[in-house]
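Have a look at work.csv; it's CSV, C-alpha atoms:
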chain,number,residue,atom,x,y,z
Y,903,VAL,CA,6.5,-16.6,55.9
Y,904,THR,CA,8.2,-16.6,52.5
Y,905,TRP,CA,8.9,-19.8,50.7
Y,906,ARG,CA,11.7,-19.9,48.3
Y,907,SER,CA,10.3,-22.9,46.5
Y,908,GLU,CA,8.0,-25.8,47.0
Y,909,HIS,CA,11.0,-28.0,48.0
Y,910,GLN,CA,12.4,-25.5,50.5
Y,911,PRO,CA,10.4,-25.8,53.8
Y,912,ALA,CA,10.3,-22.7,56.0
Y,913,PRO,CA,10.1,-22.6,59.9
Y,914,VAL,CA,6.7,-21.5,61.1
Y,915,ASN,CA,5.5,-20.7,64.6
Y,916,LEU,CA,2.1,-22.0,65.6
Y,917,LEU,CA,0.0,-21.0,68.6
Y,918,ILE,CA,-2.7,-23.3,69.8
Y,919,GLU,CA,-5.1,-22.5,72.7
Y,920,ALA,CA,-7.4,-25.2,73.9
Y,921,MET,CA,-9.2,-26.4,77.0
Y,922,ASP,CA,-6.8,-28.7,78.8
Y,923,ARG,CA,-7.8,-32.3,78.6
Y,924,ARG,CA,-6.3,-35.8,78.5
Y,925,SER,CA,-4.7,-36.6,75.1
Y,926,LEU,CA,-4.7,-33.0,73.9
Y,927,LEU,CA,-0.9,-33.1,73.0
Y,928,SER,CA,-1.3,-36.5,71.4
Y,929,ASP,CA,-4.1,-35.2,69.2
Y,930,LEU,CA,-2.1,-32.1,68.2
Y,931,THR,CA,1.1,-34.0,67.5
Y,932,GLY,CA,-0.9,-36.6,65.7
Y,933,VAL,CA,-2.1,-34.0,63.2
Y,934,LEU,CA,1.5,-33.0,62.6
Y,935,ALA,CA,2.6,-36.6,62.2
Y,936,ASN,CA,-0.1,-37.4,59.7
Y,937,GLU,CA,1.0,-34.4,57.6
Y,938,LYS,CA,4.6,-35.5,58.0
Y,939,ILE,CA,5.5,-32.2,59.6
Y,940,GLN,CA,8.9,-31.9,61.4
Y,941,ILE,CA,8.6,-30.4,64.9
Y,942,LEU,CA,11.6,-28.1,65.6
Y,943,ALA,CA,10.4,-26.9,69.1
Y,944,MET,CA,7.4,-27.2,71.3
Y,945,GLN,CA,6.4,-25.3,74.5
Y,946,THR,CA,3.3,-25.9,76.6
Y,947,ARG,CA,1.8,-24.2,79.6
Y,948,LEU,CA,-1.4,-24.0,81.5
Y,949,ALA,CA,-3.2,-20.7,82.3
Y,950,SER,CA,-3.2,-19.9,86.0
Y,951,ASP,CA,-6.7,-21.3,86.5
Y,952,GLY,CA,-5.5,-24.6,84.9
Y,953,GLY,CA,-8.3,-24.7,82.3
Y,954,LEU,CA,-6.7,-23.3,79.2
Y,955,ALA,CA,-3.6,-24.9,77.6
Y,956,VAL,CA,-1.3,-22.8,75.5
Y,957,VAL,CA,0.8,-24.8,73.1
Y,958,ARG,CA,3.5,-23.3,70.8
Y,959,PHE,CA,5.1,-25.3,68.0
Y,960,THR,CA,7.9,-24.3,65.6
Y,961,VAL,CA,7.6,-26.6,62.6
Y,962,THR,CA,8.8,-26.8,59.1
Y,963,ILE,CA,6.1,-26.2,56.4
Y,964,PRO,CA,6.8,-26.5,52.7
Y,965,ASN,CA,4.0,-24.3,51.4
Y,966,LEU,CA,1.1,-22.1,52.3
Y,967,GLU,CA,-1.5,-24.7,51.3
Y,968,LEU,CA,-0.2,-27.2,53.8
Y,969,LEU,CA,-0.1,-24.5,56.5
Y,970,SER,CA,-3.7,-23.6,55.9
Y,971,ARG,CA,-4.8,-27.3,56.0
Y,972,LEU,CA,-2.8,-27.9,59.1
Y,973,LEU,CA,-4.4,-25.0,61.0
Y,974,LEU,CA,-7.8,-26.1,59.9
Y,975,ARG,CA,-7.3,-29.6,61.1
Y,976,MET,CA,-5.9,-28.4,64.4
Y,977,SER,CA,-8.9,-26.0,64.9
Y,978,ARG,CA,-11.2,-29.0,64.5
Y,979,ILE,CA,-9.7,-30.9,67.4
Y,980,PRO,CA,-12.1,-31.1,70.4
Y,981,GLY,CA,-11.5,-28.3,72.8
Y,982,VAL,CA,-9.3,-26.2,70.5
Y,983,GLN,CA,-10.4,-22.6,70.7
Y,984,ARG,CA,-7.7,-21.0,68.5
Y,985,ALA,CA,-5.0,-22.3,66.1
Y,986,VAL,CA,-3.0,-19.6,64.3
Y,987,ARG,CA,0.4,-18.8,62.9
Y,988,GLU,CA,2.4,-16.5,65.2
Y,989,ALA,CA,4.5,-13.7,63.9
Y,990,GLY,CA,8.2,-14.4,63.8
Y,991,GLY,CA,8.1,-17.6,61.8
Can the structure in the file be given as structure tokens, please?
Amino acid sequence: VTWRSEHQPAPVNLLIEAMDRRSLLSDLTGVLANEKIQILAMQTRLASDGGLAVVRFTVTIPNLELLSRLLLRMSRIPGVQRAVREAGG
């Protein structure tokens, strides 16, 4: 991701893998809301065994510092096994 300036947010693709549970999406979107991050797109699916939830977000992020903080906060949500930026955004 390349930011042109602090005031020019860039679209970023995030991948979250977590054990499926009640309120998982609420917890994830709550982190985004608390950081005032705009969600451009969201996709969710369950693995074939139904235990692992895969959530993809496309969000606007104004800088690398906020992206790092966001991924750290998401990785601390109970059940989250992986929170990373995906290539392509």
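Nearest residue to Y:Leu973 among Y:Gly932, Y:Arg987, Y:Asp922, Y:Val961 is Y:Arg987, counting all atoms listed in the file.
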Next item on the list: Please provide as a list of chain:residue names all residues within 12 Å of Y:Gln945, with the sequence filter that same-chain residues fewer than 4 positions apart are discarded (counting only C-alpha atoms).
Entry: Y:Asn915, Y:Leu916, Y:Leu917, Y:Ile918, Y:Glu919, Y:Leu927, Y:Ile941, Y:Ala955, Y:Val956, Y:Val957, Y:Arg958, Y:Phe959, Y:Thr960
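Our summary of the geometry notes that atom CA of Y:Asn936 is positioned 16.0 Å from atom CA of Y:Asn965.
With all atoms listed in the file as the atoms that count, the residue of Y:Ala920, Y:Leu954, Y:Val933, Y:Ala943 with the shortest distance to Y:Pro980 is Y:Ala920.
Picture a line from atom CA of Y:Ala949 to atom CA of Y:Arg971; it runs 27.2 Å.
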Check: In Å, with one decimal, what is the gap from atom CA of Y:Glu988 to atom CA of Y:Lys938?
Finding: 20.4 Å
